[in-house]
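What follows is the content of structure_35.txt (compact mmCIF, C-alpha atoms and all ligand atoms).
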```txt
# COMPACT_ATOMS: atom_id res chain seq x y z
CA MET Q 1 61.44 10.68 139.11
CA ILE Q 2 60.19 11.09 142.67
CA LYS Q 3 62.68 11.43 145.52
CA VAL Q 4 61.88 11.62 149.20
CA ALA Q 5 64.66 13.35 151.12
CA LYS Q 6 64.82 12.94 154.88
CA PHE Q 7 67.19 15.16 156.82
CA GLY Q 8 68.41 14.06 160.24
CA GLY Q 9 68.93 16.28 163.28
CA SER Q 10 72.53 17.19 162.50
CA SER Q 11 71.48 18.29 158.99
CA VAL Q 12 69.13 20.90 160.46
CA ALA Q 13 71.06 21.78 163.61
CA ASN Q 14 71.47 25.50 162.77
CA ALA Q 15 71.09 28.11 160.02
CA GLU Q 16 74.28 27.00 158.30
CA GLN Q 17 72.94 23.44 158.03
CA PHE Q 18 69.59 24.75 156.76
CA ARG Q 19 71.51 26.45 153.93
CA LYS Q 20 73.19 23.16 153.01
CA VAL Q 21 69.79 21.46 152.93
CA LYS Q 22 68.44 24.15 150.63
CA LYS Q 23 71.37 23.70 148.25
CA ILE Q 24 70.76 19.96 148.15
CA ILE Q 25 67.05 20.41 147.50
CA GLU Q 26 67.59 23.05 144.84
CA SER Q 27 70.22 20.96 143.06
CA ASP Q 28 67.63 18.34 142.10
CA PRO Q 29 64.04 19.21 141.16
CA ASP Q 30 63.00 15.60 141.87
CA ARG Q 31 63.40 16.21 145.60
CA LYS Q 32 59.82 17.30 146.12
CA PHE Q 33 59.11 15.51 149.39
CA VAL Q 34 61.14 16.43 152.45
CA VAL Q 35 61.02 14.95 155.94
CA SER Q 36 62.84 16.64 158.77
CA SER Q 37 64.02 15.62 162.22
CA ALA Q 38 64.18 18.12 165.06
CA CYS Q 39 67.33 20.26 165.31
CA GLY Q 40 70.19 18.11 166.53
CA LYS Q 41 73.38 19.06 168.32
CA GLU Q 42 75.43 21.94 166.95
CA SER Q 43 78.49 20.76 168.86
CA SER Q 44 79.33 17.97 171.29
CA GLU Q 45 78.37 20.20 174.24
CA ASP Q 46 75.03 21.09 172.72
CA HIS Q 47 71.78 19.12 173.21
CA LYS Q 48 69.28 17.70 170.74
CA VAL Q 49 65.97 19.56 170.85
CA THR Q 50 64.12 16.27 171.34
CA ASP Q 51 66.26 15.50 174.41
CA LEU Q 52 65.51 18.96 175.82
CA LEU Q 53 61.80 18.41 175.22
CA PHE Q 54 61.90 15.09 177.06
CA LEU Q 55 63.64 16.95 179.86
CA CYS Q 56 60.90 19.63 179.90
CA GLU Q 57 58.31 16.89 180.15
CA ALA Q 58 60.09 15.38 183.15
CA HIS Q 59 60.17 18.81 184.81
CA VAL Q 60 56.45 19.28 184.22
CA ARG Q 61 55.81 15.83 185.66
CA PHE Q 62 57.81 16.50 188.81
CA GLY Q 63 56.49 20.04 189.22
CA VAL Q 64 59.89 21.69 188.65
CA SER Q 65 60.14 24.79 186.47
CA TYR Q 66 60.85 23.87 182.86
CA GLU Q 67 61.49 27.49 181.83
CA PRO Q 68 65.34 27.42 181.70
CA ILE Q 69 65.23 24.42 179.37
CA PHE Q 70 62.38 25.69 177.24
CA GLU Q 71 64.24 28.97 176.85
CA GLN Q 72 67.21 27.09 175.37
CA ILE Q 73 64.88 25.60 172.77
CA GLU Q 74 63.33 28.98 172.01
CA ALA Q 75 66.76 30.55 171.62
CA LYS Q 76 67.83 27.90 169.12
CA TYR Q 77 64.79 28.40 166.89
CA ASN Q 78 64.94 32.19 167.21
CA ARG Q 79 68.57 32.13 166.05
CA ILE Q 80 67.69 30.09 162.96
CA LYS Q 81 64.74 32.35 162.16
CA LYS Q 82 66.81 35.52 162.56
CA GLU Q 83 69.81 34.31 160.57
CA LEU Q 84 67.67 33.08 157.71
CA LYS Q 85 65.32 36.08 157.88
CA LEU Q 86 62.22 33.93 158.15
CA LYS Q 87 58.74 35.16 159.04
CA LEU Q 88 57.21 32.31 161.01
CA ASP Q 89 55.52 33.65 164.16
CA LEU Q 90 57.60 31.67 166.63
CA GLU Q 91 56.28 33.66 169.61
CA LYS Q 92 52.78 32.43 168.82
CA GLU Q 93 54.05 28.84 168.44
CA PHE Q 94 55.92 28.94 171.77
CA ALA Q 95 52.94 30.53 173.52
CA SER Q 96 50.66 27.76 172.34
CA ILE Q 97 53.11 25.04 173.45
CA ARG Q 98 53.47 26.76 176.85
CA SER Q 99 49.74 26.98 177.31
CA VAL Q 100 49.34 23.27 176.57
CA MET Q 101 52.15 22.52 179.04
CA LYS Q 102 50.38 24.52 181.72
CA ARG Q 103 47.12 22.68 181.10
CA GLY Q 104 48.91 19.36 181.26
CA MET Q 105 49.94 17.73 178.01
CA SER Q 106 50.84 14.32 176.71
CA THR Q 107 54.53 13.47 176.41
CA ASP Q 108 54.00 12.68 172.74
CA TYR Q 109 52.59 16.10 171.99
CA LEU Q 110 55.44 17.92 173.70
CA VAL Q 111 58.37 15.92 172.31
CA SER Q 112 56.96 16.07 168.79
CA ARG Q 113 57.25 19.88 168.82
CA GLY Q 114 60.92 19.68 167.79
CA GLU Q 115 60.10 18.13 164.43
CA TYR Q 116 57.05 20.37 164.08
CA LEU Q 117 58.93 23.64 164.54
CA THR Q 118 62.01 22.60 162.56
CA SER Q 119 59.88 21.50 159.63
CA LYS Q 120 57.79 24.69 159.69
CA LEU Q 121 60.93 26.80 159.49
CA LEU Q 122 62.45 24.55 156.84
CA ALA Q 123 59.30 24.64 154.69
CA GLU Q 124 59.33 28.43 154.70
CA PHE Q 125 63.05 28.52 153.92
CA LEU Q 126 62.70 26.09 151.01
CA GLY Q 127 59.51 27.71 149.73
CA TYR Q 128 57.70 24.36 150.14
CA ASP Q 129 54.30 23.67 151.70
CA PHE Q 130 54.20 22.43 155.27
CA ALA Q 131 52.03 19.40 156.10
CA ASP Q 132 51.74 18.72 159.83
CA ALA Q 133 52.45 15.02 160.43
CA ALA Q 134 49.41 15.00 162.75
CA GLU Q 135 47.33 15.63 159.64
CA VAL Q 136 49.03 13.28 157.18
CA ILE Q 137 50.65 10.36 159.04
CA ALA Q 138 47.71 8.26 160.21
CA PHE Q 139 48.15 5.75 163.02
CA ARG Q 140 45.56 3.12 163.79
CA TYR Q 141 44.64 2.57 167.44
CA ASP Q 142 46.85 -0.53 167.48
CA GLY Q 143 49.87 1.70 166.85
CA GLU Q 144 50.40 0.57 163.24
CA VAL Q 145 50.49 3.16 160.48
CA ASP Q 146 47.40 3.09 158.26
CA MET Q 147 49.15 3.29 154.89
CA ASP Q 148 46.00 3.71 152.79
CA ARG Q 149 44.73 6.58 154.87
CA THR Q 150 48.19 8.14 154.99
CA ARG Q 151 48.42 7.89 151.19
CA ALA Q 152 45.06 9.62 150.75
CA LEU Q 153 45.99 12.37 153.22
CA ILE Q 154 49.34 13.00 151.54
CA GLU Q 155 47.83 12.97 148.04
CA ALA Q 156 45.36 15.63 149.13
CA ARG Q 157 48.26 17.90 150.10
CA VAL Q 158 50.39 17.55 146.99
CA THR Q 159 50.76 20.69 144.86
CA ASP Q 160 53.35 21.86 142.32
CA ARG Q 161 55.46 23.15 145.18
CA GLY Q 162 57.26 20.63 147.34
CA LEU Q 163 56.04 19.36 150.69
CA VAL Q 164 57.83 19.28 154.05
CA VAL Q 165 56.52 16.78 156.60
CA PRO Q 166 57.87 16.58 160.16
CA GLY Q 167 59.28 13.19 161.05
CA PHE Q 168 58.81 11.11 164.21
CA TYR Q 169 55.08 11.53 164.80
CA GLY Q 170 51.61 11.16 163.44
CA ALA Q 171 48.14 11.04 164.93
CA LEU Q 172 45.66 8.42 166.07
CA PRO Q 173 42.18 8.39 164.48
CA ASN Q 174 40.95 10.70 167.27
CA GLY Q 175 43.63 13.27 166.40
CA VAL Q 176 45.82 12.60 169.42
CA ILE Q 177 49.51 12.87 168.58
CA ARG Q 178 51.57 9.74 168.75
CA ILE Q 179 55.35 9.56 168.45
CA MET Q 180 57.47 6.76 167.05
CA SER Q 181 60.53 5.32 168.75
CA ARG Q 182 63.68 7.45 168.95
CA GLY Q 183 65.18 8.14 165.56
CA GLY Q 184 61.70 7.61 164.09
CA SER Q 185 61.98 10.30 161.43
CA ASP Q 186 63.74 7.64 159.36
CA ILE Q 187 60.48 5.69 159.49
CA THR Q 188 58.41 8.71 158.46
CA GLY Q 189 60.68 9.13 155.44
CA ALA Q 190 60.19 5.48 154.51
CA ILE Q 191 56.40 5.74 154.92
CA LEU Q 192 56.31 8.79 152.72
CA ALA Q 193 58.49 7.06 150.11
CA ASN Q 194 56.02 4.18 150.10
CA VAL Q 195 52.85 6.22 149.79
CA VAL Q 196 54.14 8.52 147.03
CA ASP Q 197 55.76 5.58 145.19
CA ALA Q 198 59.18 7.20 145.32
CA ASP Q 199 61.97 5.98 143.07
CA VAL Q 200 64.45 6.51 145.84
CA TYR Q 201 64.37 7.34 149.54
CA GLU Q 202 67.31 9.60 150.36
CA ASN Q 203 68.34 9.63 153.97
CA TRP Q 204 70.61 12.61 154.59
CA THR Q 205 72.75 12.45 157.71
CA ASP Q 206 76.24 13.40 158.89
CA VAL Q 207 78.12 10.36 157.56
CA SER Q 208 78.58 9.26 153.96
CA GLY Q 209 76.56 6.09 154.34
CA PHE Q 210 77.73 2.85 155.87
CA LEU Q 211 81.41 2.16 156.31
CA VAL Q 212 83.04 -1.24 156.03
CA ALA Q 213 84.20 -0.96 159.65
CA ASP Q 214 83.81 1.40 162.59
CA PRO Q 215 86.07 4.43 161.94
CA ARG Q 216 86.90 4.56 165.67
CA ILE Q 217 88.66 1.23 165.17
CA VAL Q 218 89.88 1.27 161.56
CA LYS Q 219 91.40 4.48 160.23
CA ASN Q 220 89.57 5.82 157.17
CA PRO Q 221 87.65 2.66 156.32
CA LEU Q 222 86.13 2.36 152.87
CA GLY Q 223 82.48 3.19 152.43
CA ILE Q 224 79.97 0.52 151.39
CA PRO Q 225 78.56 1.52 147.98
CA CYS Q 226 75.72 -1.01 148.02
CA ILE Q 227 74.28 -3.27 150.72
CA ASN Q 228 71.21 -5.50 150.69
CA TYR Q 229 68.52 -5.56 153.37
CA SER Q 230 69.74 -8.76 155.01
CA GLU Q 231 73.32 -7.54 155.20
CA LEU Q 232 72.10 -4.27 156.63
CA ARG Q 233 70.12 -6.08 159.28
CA GLU Q 234 73.20 -8.10 160.28
CA MET Q 235 75.42 -5.02 160.35
CA SER Q 236 73.06 -2.82 162.32
CA TYR Q 237 72.03 -5.54 164.73
CA MET Q 238 75.68 -5.95 165.56
CA GLY Q 239 76.25 -2.28 166.18
CA ALA Q 240 76.52 -0.32 162.92
CA ASN Q 241 73.76 2.21 163.56
CA VAL Q 242 73.09 4.70 160.82
CA LEU Q 243 69.43 4.06 160.06
CA HIS Q 244 66.45 3.12 162.24
CA ASP Q 245 65.84 -0.63 161.90
CA ASP Q 246 62.14 -0.16 161.16
CA ALA Q 247 62.81 2.18 158.26
CA ILE Q 248 63.32 -0.81 156.00
CA PHE Q 249 59.81 -2.26 156.13
CA PRO Q 250 57.81 0.46 154.32
CA VAL Q 251 60.29 0.64 151.43
CA LYS Q 252 61.00 -3.08 151.24
CA ASP Q 253 57.42 -3.75 150.16
CA LYS Q 254 57.87 -1.63 147.09
CA ASN Q 255 61.52 -2.29 146.36
CA ILE Q 256 62.42 1.35 146.86
CA PRO Q 257 66.16 1.80 147.35
CA ILE Q 258 67.38 3.83 150.31
CA ASN Q 259 70.33 6.08 149.65
CA VAL Q 260 72.17 7.18 152.80
CA ARG Q 261 73.94 10.48 152.03
CA ASN Q 262 75.99 13.09 153.86
CA THR Q 263 74.59 16.64 154.07
CA ASN Q 264 78.13 17.87 154.74
CA ASP Q 265 79.55 16.06 151.69
CA PRO Q 266 76.72 16.02 149.17
CA ASP Q 267 78.88 14.90 146.26
CA ASN Q 268 79.63 11.61 147.95
CA PRO Q 269 77.23 8.98 146.54
CA GLY Q 270 76.88 7.36 149.99
CA THR Q 271 75.42 3.90 150.43
CA LEU Q 272 72.58 2.37 148.45
CA ILE Q 273 70.43 -0.08 150.40
CA MET Q 274 68.49 -2.38 148.10
CA ALA Q 275 66.59 -5.65 148.20
CA ASP Q 276 68.96 -7.05 145.61
CA CYS Q 277 72.33 -5.55 144.72
CA SER Q 278 73.10 -7.92 141.84
CA GLU Q 279 72.60 -5.35 139.08
CA LYS Q 280 74.98 -2.96 140.80
CA ASP Q 281 77.39 -5.80 141.51
CA ALA Q 282 77.57 -6.68 137.81
CA VAL Q 283 78.92 -3.19 137.12
CA ASN Q 284 80.97 -2.78 140.27
CA PRO Q 285 81.84 -6.14 141.84
CA PRO Q 286 81.69 -6.00 145.63
CA HIS Q 287 84.41 -6.96 148.07
CA ILE Q 288 84.13 -10.46 149.49
CA ILE Q 289 83.27 -8.77 152.77
CA THR Q 290 80.62 -6.07 152.72
CA GLY Q 291 81.19 -5.00 156.30
CA ILE Q 292 82.49 -5.89 159.71
CA SER Q 293 80.60 -4.93 162.84
CA GLY Q 294 80.48 -6.19 166.36
CA ARG Q 295 79.69 -5.64 170.01
CA LYS Q 296 81.49 -6.27 173.24
CA ASP Q 297 80.28 -7.63 176.57
CA PHE Q 298 78.52 -10.89 176.03
CA THR Q 299 78.29 -13.74 178.52
CA CYS Q 300 78.54 -17.36 177.48
CA ILE Q 301 77.12 -20.21 179.53
CA THR Q 302 78.43 -23.56 178.41
CA LEU Q 303 76.81 -26.78 179.54
CA GLN Q 304 78.10 -30.27 179.00
CA LYS Q 305 76.24 -33.52 179.53
CA MET Q 306 77.30 -36.90 178.16
CA HIS Q 307 74.90 -38.43 175.61
CA SER Q 308 72.56 -35.43 175.70
CA SER Q 309 73.02 -34.90 171.94
CA THR Q 310 70.87 -37.95 171.31
CA GLU Q 311 68.17 -36.82 173.72
CA VAL Q 312 65.36 -35.23 171.71
CA GLY Q 313 64.35 -31.86 173.18
CA PHE Q 314 67.45 -31.31 175.29
CA LEU Q 315 68.35 -28.04 173.55
CA ARG Q 316 64.75 -26.86 173.91
CA LYS Q 317 64.94 -27.48 177.66
CA ILE Q 318 68.07 -25.33 177.89
CA LEU Q 319 66.56 -22.54 175.85
CA SER Q 320 63.27 -22.58 177.71
CA ILE Q 321 65.11 -21.61 180.90
CA PHE Q 322 66.37 -18.47 179.18
CA GLU Q 323 62.87 -17.81 177.91
CA GLU Q 324 61.49 -18.17 181.42
CA TYR Q 325 63.81 -15.38 182.57
CA GLY Q 326 63.01 -13.25 179.53
CA VAL Q 327 66.61 -13.26 178.28
CA SER Q 328 67.11 -12.81 174.56
CA ILE Q 329 69.75 -15.17 173.18
CA GLU Q 330 72.36 -14.04 170.73
CA SER Q 331 73.89 -17.27 169.54
CA VAL Q 332 73.86 -20.98 170.39
CA PRO Q 333 76.99 -22.74 169.15
CA THR Q 334 76.87 -26.46 169.89
CA THR Q 335 79.15 -29.47 169.54
CA VAL Q 336 78.53 -33.05 170.61
CA ASP Q 337 77.02 -33.02 174.12
CA THR Q 338 78.15 -29.41 174.65
CA TYR Q 339 75.99 -26.31 174.30
CA SER Q 340 77.05 -22.70 174.60
CA VAL Q 341 74.39 -20.08 175.02
CA ILE Q 342 75.50 -16.50 174.47
CA ALA Q 343 73.56 -13.46 175.64
CA ALA Q 344 74.36 -9.78 176.13
CA SER Q 345 75.82 -9.38 179.63
CA ASP Q 346 73.61 -6.40 180.50
CA LEU Q 347 70.52 -8.50 179.75
CA ILE Q 348 71.56 -11.58 181.67
CA ASN Q 349 73.57 -10.23 184.62
CA HIS Q 350 70.60 -9.79 186.94
CA CYS Q 351 69.55 -13.43 186.60
CA LEU Q 352 72.75 -15.22 185.60
CA TYR Q 353 73.08 -17.30 188.75
CA ASP Q 354 69.36 -18.09 188.81
CA ILE Q 355 69.64 -19.44 185.27
CA VAL Q 356 72.72 -21.50 186.09
CA GLY Q 357 71.03 -22.82 189.27
CA LYS Q 358 67.96 -23.81 187.31
CA MET Q 359 70.08 -25.54 184.64
CA LYS Q 360 71.85 -27.55 187.31
CA GLU Q 361 68.61 -28.52 188.96
CA GLU Q 362 66.62 -29.39 185.84
CA LEU Q 363 69.26 -30.66 183.41
CA LYS Q 364 71.78 -32.28 185.77
CA PRO Q 365 74.79 -31.40 183.57
CA ASP Q 366 78.25 -32.95 184.02
CA ASP Q 367 79.78 -29.50 183.80
CA ILE Q 368 78.62 -25.92 183.50
CA ARG Q 369 80.79 -22.84 182.95
CA ILE Q 370 80.31 -19.13 182.71
CA GLU Q 371 82.55 -16.99 180.58
CA GLU Q 372 82.17 -13.22 180.53
CA HIS Q 373 83.78 -10.36 178.57
CA ILE Q 374 83.15 -11.92 175.19
CA ALA Q 375 82.97 -9.79 172.06
CA LEU Q 376 81.07 -10.95 168.98
CA ILE Q 377 82.23 -9.85 165.56
CA ALA Q 378 80.04 -10.24 162.48
CA ILE Q 379 81.80 -10.55 159.16
CA VAL Q 380 79.04 -9.87 156.66
CA GLY Q 381 79.09 -10.31 152.91
CA ARG Q 382 76.71 -11.42 150.16
CA ALA Q 383 79.75 -12.32 148.04
CA MET Q 384 80.91 -14.96 150.54
CA LYS Q 385 78.25 -17.46 149.51
CA ASP Q 386 79.53 -20.58 147.77
CA GLN Q 387 83.11 -19.30 147.88
CA PRO Q 388 85.41 -21.93 149.33
CA GLY Q 389 88.27 -20.77 151.50
CA ILE Q 390 86.80 -17.64 153.10
CA SER Q 391 86.45 -19.01 156.59
CA GLY Q 392 89.82 -20.73 156.21
CA ARG Q 393 91.49 -17.43 155.42
CA LEU Q 394 89.53 -15.70 158.14
CA LEU Q 395 90.49 -18.17 160.83
CA SER Q 396 94.12 -18.27 159.74
CA GLU Q 397 94.21 -14.48 160.13
CA PHE Q 398 93.20 -14.87 163.76
CA GLY Q 399 95.84 -17.58 164.24
CA GLN Q 400 98.62 -15.56 162.66
CA ASN Q 401 97.77 -12.65 164.92
CA GLN Q 402 97.66 -14.77 168.06
CA ILE Q 403 93.98 -14.04 168.65
CA ASN Q 404 92.18 -16.83 170.40
CA ILE Q 405 88.74 -17.61 168.94
CA LYS Q 406 86.18 -18.63 171.52
CA VAL Q 407 83.13 -19.11 169.30
CA ILE Q 408 82.47 -19.57 165.59
CA ASN Q 409 79.05 -19.42 164.02
CA GLN Q 410 77.81 -19.45 160.45
CA SER Q 411 74.42 -20.40 159.11
CA SER Q 412 74.00 -22.13 155.77
CA TYR Q 413 72.79 -18.84 154.31
CA GLU Q 414 76.49 -17.96 154.36
CA LEU Q 415 75.69 -14.30 154.69
CA SER Q 416 77.75 -13.78 157.80
CA ILE Q 417 80.29 -15.47 160.01
CA ILE Q 418 80.16 -14.62 163.69
CA ILE Q 419 83.38 -14.93 165.65
CA GLY Q 420 83.58 -14.61 169.42
CA VAL Q 421 86.80 -13.38 171.03
CA HIS Q 422 87.78 -11.90 174.38
CA ASN Q 423 86.75 -8.24 174.72
CA ARG Q 424 90.41 -7.22 174.77
CA ASP Q 425 90.93 -8.69 171.27
CA PHE Q 426 87.91 -6.95 169.76
CA GLU Q 427 89.57 -3.96 168.08
CA LYS Q 428 92.62 -5.93 166.98
CA SER Q 429 90.40 -8.57 165.36
CA ILE Q 430 88.43 -6.01 163.36
CA GLN Q 431 91.59 -4.30 162.21
CA CYS Q 432 93.14 -7.62 161.13
CA ILE Q 433 90.05 -8.70 159.18
CA TYR Q 434 89.88 -5.32 157.48
CA ASP Q 435 93.57 -5.38 156.56
CA ARG Q 436 93.41 -8.86 155.14
CA PHE Q 437 90.13 -8.82 153.26
CA ILE Q 438 89.79 -5.20 152.23
CA LYS Q 439 93.27 -3.77 152.08
CA GLU Q 440 95.34 -6.76 150.96
CA GLU Q 441 92.98 -8.96 149.01
CA GLY Q 442 90.97 -6.13 147.47
CA LYS Q 443 88.17 -7.25 145.21
CA ASN Q 444 89.94 -10.21 143.72
CA ALA Q 445 89.74 -12.35 146.82
N1 LIG Q 501 64.03 13.75 167.03
C1 LIG Q 501 63.77 12.37 167.29
C2 LIG Q 501 64.93 11.78 168.08
O1 LIG Q 501 65.83 12.50 168.48
C3 LIG Q 501 63.47 11.60 166.06
C4 LIG Q 501 64.52 11.69 164.98
O2 LIG Q 501 65.38 12.55 165.01
O3 LIG Q 501 64.47 10.88 164.07
O4 LIG Q 501 64.91 10.60 168.35
```
Could you spell out this file's structure in structure tokens?
Amino acid sequence: MIKVAKFGGSSVANAEQFRKVKKIIESDPDRKFVVSSACGKESSEDHKVTDLLFLCEAHVRFGVSYEPIFEQIEAKYNRIKKELKLKLDLEKEFASIRSVMKRGMSTDYLVSRGEYLTSKLLAEFLGYDFADAAEVIAFRYDGEVDMDRTRALIEARVTDRGLVVPGFYGALPNGVIRIMSRGGSDITGAILANVVDADVYENWTDVSGFLVADPRIVKNPLGIPCINYSELREMSYMGANVLHDDAIFPVKDKNIPINVRNTNDPDNPGTLIMADCSEKDAVNPPHIITGISGRKDFTCITLQKMHSSTEVGFLRKILSIFEEYGVSIESVPTTVDTYSVIAASDLINHCLYDIVGKMKEELKPDDIRIEEHIALIAIVGRAMKDQPGISGRLLSEFGQNQINIKVINQSSYELSIIIGVHNRDFEKSIQCIYDRFIKEEGKNA
């Protein structure tokens, strides 16, 4: 069996975390491929190395001394090296980064040094080989990863010992370093899982996978044992962020499950993310609701015009105004002659009145209203499909708890129901749904 294990920043934040990683790696000989993020925060007052590197870059750009910040980074790595009695010549590494900074460097080079240094130390500590991502993760000039070339480069580095690859960056065909978007080490792990044909991609972080609801709202929510890609997309789009969105694509192609695990609680099985959970469901039937997530602060523009429902293209005209202003739309609930368009307030605020003005001018509505402070809640669940009564029970829960529903949306895929409420009812709504569908009804709903 081949396992790719990616460790996030909190898993490699200090020497103590490095020891936990080693225990995890040594407990399973299949974990031969390791991807590491840069050291994350040790405490809430601490800073992620990547953030400090971005800060150094800004100092270089504005001609302000970066030394006090760079020294913080050096101190962090020196502490890890000393505590774990490692041999890596960090002075030489720092000197070479400093000299590149003095000559003028690319942002990508500088901010990738967090992953580079962390992975070098980790490789030595684990007794694994180190493969610089600049040498094995091959970008094309269009910014896409060249999977075939990456596969060949990785294959050439495989030995009996394991391999540690830094996450978050690779190199263009001319050797210039290129970073991914923030949190991109998740993508590196997925790429590696694809090219080595892994049986599982383990993503080790500081939470035991996905939870049914946000623990800041619901006390001790249950974990989600298994979630499919579409559910995951719905959950993370609506705010449940554990894994980088783009980490799905490389593993999806090959049906490689992702297992999100907790470095601080390695016995917890975490969450399995799979294309199809039906085999798992046959053994362990899922709850009707896989998860509840949501976001506050949406704005809803509602337009009414008599007989417009029979006018072909009327909805397109409304939507094209949003397109013209570059506003991404979240949801478009409609009834006869009435259309609500919902968008995130921070995306629409700067042009809200322009959009409304344009709607008035071009569409001549009978009425147009703006409603702000709307929260959208996604109730997601593969088990909801073809089950009569779910939305009935859901809506009655809102009624019994005196929560006014402003918007309801469900596509015929029946994978999720989106409910819009006032921001002030957001937490209460999530708690009520959790209590009813997870606590009270259990799995027999
Ligand atoms: N270190 C990078 C970041 O902070 C990438 C990662 O950790 O995945 O975004």
Practice task
May I ask you to write as a ChimeraX atom specification all residues lying at most 12 Å from ligand LIG 501 (chain Q), with all atoms listed in the file counted?
Solution key: /Q:6-13,35-41,47-54,108,110-119,166-169,179-190,203-205,242-247
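Take atom CA of Ile370 of chain Q and atom CA of Ile342 of chain Q: the distance between them is 9.9 Å.
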Practice task
Might you pull out every residue within 8 Å of Gly239 of chain Q, with all atoms listed in the file counted and same-chain residues fewer than 2 positions away left off, and present them as a PyMOL selection string?
Solution key: chain Q and resi 235-237+241+293-295
For segment 415-417 of chain Q, please output as a PDB file with C-alpha atoms, in the coordinates of the input all residues within 6 Å (counting all atoms listed in the file; exclusion window: fewer than 6 positions along the same chain).
```
ATOM      1  CA  ALA Q 378      80.040 -10.240 162.480  1.00  0.00           C
ATOM      2  CA  ILE Q 379      81.800 -10.550 159.160  1.00  0.00           C
ATOM      3  CA  VAL Q 380      79.040  -9.870 156.660  1.00  0.00           C
ATOM      4  CA  GLY Q 381      79.090 -10.310 152.910  1.00  0.00           C
ATOM      5  CA  ARG Q 382      76.710 -11.420 150.160  1.00  0.00           C
ATOM      6  CA  ASN Q 409      79.050 -19.420 164.020  1.00  0.00           C
TER       7      ASN Q 409
END
```
Problem - Gap from atom CA of Leu86 of chain Q to atom CA of Phe18 of chain Q - Å, one decimal - result: 11.9 Å
Exercise for the section: May I have the residues within 6 Å of segment 156-163 of chain Q as a VMD selection string, using all atoms listed in the file and disregarding those fewer than 6 positions away in the same chain? Expected result: chain Q and resid 32 to 33 128 to 130
Could the residues in this selection be written to a file with C-alpha atoms, as a PDB file, in the coordinates of the input?
```pdb
ATOM      1  CA  LYS Q  32      59.820  17.300 146.120  1.00  0.00           C
ATOM      2  CA  PHE Q  33      59.110  15.510 149.390  1.00  0.00           C
ATOM      3  CA  TYR Q 128      57.700  24.360 150.140  1.00  0.00           C
ATOM      4  CA  ASP Q 129      54.300  23.670 151.700  1.00  0.00           C
ATOM      5  CA  PHE Q 130      54.200  22.430 155.270  1.00  0.00           C
TER       6      PHE Q 130
END
```
Handout entry: Selected residue of minimal separation from Glu57 of chain Q among Q:Lys305, Q:His373, Q:Met147, Q:Lys102, counting all atoms listed in the file
Key = Q:Lys102
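If all atoms listed in the file are the atoms counted, then among Q:Lys360, Q:Ala171, Q:Ala123, Q:Glu155 the closest residue to Glu135 of chain Q is Q:Ala171.
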Problem - Minimum-distance residue to Gly270 of chain Q, chosen among Q:Asp337, Q:Glu202, Q:Glu323, Q:Glu441 (using all atoms listed in the file) - result: Q:Glu202
Exercise for the section: Identify which of the residues Q:Ser396, Q:Asn14, Q:Asn349, Q:Ser391 lies closest to Ile73 of chain Q, counting all atoms listed in the file when measuring atom-to-atom distances. Expected result: Q:Asn14
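Proximity to Ile408 of chain Q was assessed for Q:Val136, Q:Val327, Q:Val332, Q:Ala343 counting all atoms listed in the file; the smallest distance is recorded for Q:Val332.
Computed from the coordinates, the atom CA of Asn404 of chain Q to atom CA of Val421 of chain Q distance equals 6.4 Å.
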Exercise for the section: Fewer than 6 positions away in the same chain doesn't count, so skip those; otherwise give me all residues within 8 Å of segment 259-266 of chain Q, counting all atoms listed in the file, as a list of chain:residue names. Expected result: Q:Ser11, Q:Lys20, Q:Val21, Q:Ile24, Q:Val200, Q:Tyr201, Q:Glu202, Q:Asn203, Q:Trp204, Q:Thr205, Q:Asp206, Q:Val207, Q:Ser208, Q:Gly209, Q:Phe210, Q:Leu272, Q:Ile273
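Nearest residue to Ile217 of chain Q among Q:Ala344, Q:Ile292, Q:Leu394, Q:Met1 is Q:Ile292, counting all atoms listed in the file.
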Edge lengths and centre, in Å to one decimal, as AutoDock Vina command-line options: that's what I need for the box along x, y and z that holds all listed atoms of segment 110-120 of chain Q plus 4 Å on each side.
```
--center_x 58.7 --center_y 20.3 --center_z 166.7 --size_x 14.6 --size_y 16.8 --size_z 22.1
```
